[in-house]
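Q: Below: one structure in structure tokens.
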Amino acid sequence: MHRNKYRLVIPFLAPALLLYGTFVLYPYVQAMYIAFTKWKGLRKPPEFVGLENFQKLLGDDKFWNALGHNAIYLLILPVITLGFALFLAFMVTQKVRGADFYRITFFFPQVMSVVAIGILWSFVYHPSIGILNSILQFFGVSDPPVWLGDPRTALGSIAAVTIWQAAGFYMVIFMAGMQSIPTSFYEAAALDGATRRHTFFQITLPLLWETTRSALVFIVIGAMNMFGITFTMTLGEAGPDLSTDVLATLLYREAFTHSRFGYATAIAMAYFIIVMALSFTIMRVTRRQAVEF
Amino acid sequence: MVNQENRLSAFITQLILGLWAVAVIFPMFWMIYSSFKTDQELFFSPWSPPAALQWDNFARAWTSAHVGDFFFNTLIVVIPALFLTLIISAMAAYVLARFDFIGNRAVFYLFLAGMLFPVFLALVPLFSLVARLGMLNTFQGLILVYVAYSLPFTIFFLTGFFKSLPSELEEAAIIDGANQYQVFFRVMLPLSSPGLISMGIFNFLGMWNQYILPLVLVTDEDKYVLSQGLYFMLAKQFYENDWSALFAALTIIMVPTLLVYVIFQKQIQSGLTTGALKG
């Protein structure tokens, strides 16, 4: 049927391959080399230094500080966000009044740009214009924290915004998964007199396993990133005493404030390896026999 | 007894959902009405509604703070980038889905590989490449980079889509004497419009909100796109002290997004969640 097919295949693939090869593949391949070089600014070419960047990395307090913050996000964001999203999804699908309103409202923060969200919440947290502290004072907290200005609360404040922003998104993902569960399962459970809690843990959750796995990988990738919200809410300064610095903001500063291109790319490489290892581990550990329905 | 329990649990459900709805809506509502206040009012009575509507905040945000310029710069970049992404991806996805040629799978996996890497790994080499091409601080540079980074997922998604289309129409068109280009542009492309719309929404939001790429590739203030322009506006407030204009700028950005979202929420939700469900 397709005679002379290459007369179509080649011109149709060429623009995609050209752009992708130039701006995506080539930089990624080059990064594998740049990570092993010393390169300070565009004027001079990179100079190969072997493993020096990675040795420096292991002894760099700033690297461990940033990685530690990513680790905290990795511990709290998936559990709280996905747990809360699952809870919301379950409640919204219980034939509540206003279900559509809730679904539409909860998802909205996902559509907004991360900069707009960051600025909005900087205002909410702000010690004088913000409304959060005046609510707290109303409830009798005499000396509320300076949220983003205090190293003890800054990281948690950013985590809270991330949960606020992402919960609705994961709720919609779980709702899509729930809709594919046949209603006959629930009808049978209702006939057997199962409570809502039973229904949730015995039917809904096991049948949502595949959805949960991909949501988990997605949110882990997000917890490793955190660039946009951190950069906006702390004005690129990574918080008081670097208390909100993450790998992405650290490597951005190393590259574009200090022009340490080789070192920044080595950090990016470590970041990439960690993301890959985590995603791979999650997919392996959570692998189960698929439930057919 | 059972009935009472049900009503109690229904009440608690509504209470929790209602509280979360307030937590989501109130910060935005507060920001919108605050953007009509004076700086004095912002600082000394954060809760109260504006005494008089300060429309001037919006005028200052749009012109002196350049939100208008940032807005048009974003459109100049996003519209061509979106169009190019869709057409280039559709062409590639079409041949990958429907033609059996040497290296088909290799090319498909090559594109897939692009979804594996975090963009942060490419930042330095990308910056130096765009500099060598003389395209730093240009809209063309930003457009090409946006397109290139949107290709892997869009091609992956559309390949699946083209595979699911029946081949009868294609065959009928060839029997009617259409050549292969006509088959693609007149038959297959229109048939794939649901897939193109999904990817259009997904990529539009991604490009509209794109942050890290313009931050690295555009340093000329006249060429700022919205996201980075807003960021620099925020950074400047600490010495310029025009907070009310910044509130207004945020409202200018948020209200159109909200309106578009409310109208197209079904398509937007499914467009955005395909990323997590298929990826």
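If you're wondering about the labels, chains in the structure tokens are A, B, ... by order shown, residues count from 1 in each chain, ligands from 1 in order shown.
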List every residue of segment 28-269 of chain A that DSSP, applied to the backbone of this structure, assigns to strand (DSSP E or B), and report them as a PDB file with C-alpha atoms, in the first residue's frame.

A:
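Final file, part_1.pdb:
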ATOM      1  CA  THR A  37      35.347  19.143  33.388  1.00  0.00           C
ATOM      2  CA  LYS A  38      36.274  22.440  34.916  1.00  0.00           C
ATOM      3  CA  GLU A  47      39.012  21.422  30.734  1.00  0.00           C
ATOM      4  CA  PHE A  48      38.833  17.718  31.584  1.00  0.00           C
TER       5      PHE A  48
END

Q: Can you pull out every residue within 6 Å of segment 201-216 of chain B, counting only C-alpha atoms, but drop anything in the same chain fewer than 4 positions away, and send it as a ChimeraX atom specification?

A: /A:113 /B:227,271-272

Q: Please, what distance in Å, to one decimal, runs between atom CA of Met115 of chain B and atom CA of Val24 of chain A?

A: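 Taking atom CA of Met115 of chain B and atom CA of Val24 of chain A, their separation equals 10.1 Å.
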
Q: What are the closest atom pairs, with distances in Å to one decimal, for all residues of chain B lying within 6 Å of chain A? Consider only C-alpha atoms, order rows by chain and residue number, and present the result as a tab-separated table.

A:
residue	atom	partner	partner_atom	distance
B:Leu42	CA	A:Ile129	CA	5.8
B:Phe43	CA	A:Ile129	CA	4.9
B:Pro46	CA	A:Ile129	CA	5.6
B:Ile88	CA	A:Ala16	CA	5.9
B:Met91	CA	A:Phe12	CA	5.2
B:Ala92	CA	A:Leu13	CA	4.8
B:Val95	CA	A:Val9	CA	5.9
B:Leu121	CA	A:Ala268	CA	4.9
B:Ala122	CA	A:Tyr28	CA	5.2
B:Pro125	CA	A:Pro27	CA	5.0
B:Leu126	CA	A:Pro27	CA	5.5
B:Ala148	CA	A:Tyr20	CA	5.0
B:Asn209	CA	A:Ser113	CA	4.9
B:Ser227	CA	A:Val115	CA	5.9

Q: Store the residues of this selection in a file with N, CA and C atoms, as a compact mmCIF listing (two decimals), in the first residue's frame.

A:
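Saved to selection.txt:
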# COMPACT_ATOMS: atom_id res chain seq x y z
N LEU B 42 -3.11 47.99 52.35
CA LEU B 42 -2.53 46.65 52.32
C LEU B 42 -1.78 46.36 53.61
N PHE B 43 -1.02 47.35 54.06
CA PHE B 43 -0.16 47.11 55.21
C PHE B 43 -0.90 47.23 56.53
N PRO B 46 -5.02 44.44 56.45
CA PRO B 46 -4.96 43.39 55.43
C PRO B 46 -6.30 42.71 55.15
N ILE B 88 4.75 19.38 13.90
CA ILE B 88 5.95 18.54 13.78
C ILE B 88 5.76 17.20 14.47
N MET B 91 3.31 14.95 12.42
CA MET B 91 3.95 14.34 11.25
C MET B 91 4.82 13.16 11.67
N ALA B 92 5.65 13.37 12.70
CA ALA B 92 6.54 12.30 13.14
C ALA B 92 5.72 11.13 13.70
N VAL B 95 4.05 8.89 10.88
CA VAL B 95 4.87 7.88 10.20
C VAL B 95 5.34 6.80 11.19
N LEU B 121 19.69 18.73 33.83
CA LEU B 121 20.93 18.15 33.34
C LEU B 121 21.38 18.84 32.05
N ALA B 122 20.43 19.37 31.30
CA ALA B 122 20.77 19.97 30.01
C ALA B 122 21.06 21.47 30.11
N PRO B 125 24.84 22.87 28.98
CA PRO B 125 25.11 22.72 27.55
C PRO B 125 24.07 23.43 26.67
N LEU B 126 22.84 23.47 27.09
CA LEU B 126 21.81 24.15 26.30
C LEU B 126 22.10 25.65 26.24
N ALA B 148 11.40 21.80 20.94
CA ALA B 148 12.23 20.60 21.06
C ALA B 148 11.90 19.83 22.34
N ASN B 209 3.41 28.57 31.42
CA ASN B 209 3.94 28.63 32.78
C ASN B 209 5.43 28.32 32.84
N SER B 227 6.14 34.60 33.39
CA SER B 227 6.55 33.97 34.65
C SER B 227 7.80 34.65 35.20

Q: Restricting the calculation to only C-alpha atoms: of B:Leu8, B:Leu86, B:Leu17, B:Val22, which residue gets closest to Ala89 of chain A?

A: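 Comparing B:Leu8, B:Leu86, B:Leu17, B:Val22 against Ala89 of chain A, the winner is B:Leu17.
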
Q: Counting only C-alpha atoms, which residue out of B:Val145, B:Val67, B:Ile155, B:Val255 sits closest to Val107 of chain B?

A: B:Ile155
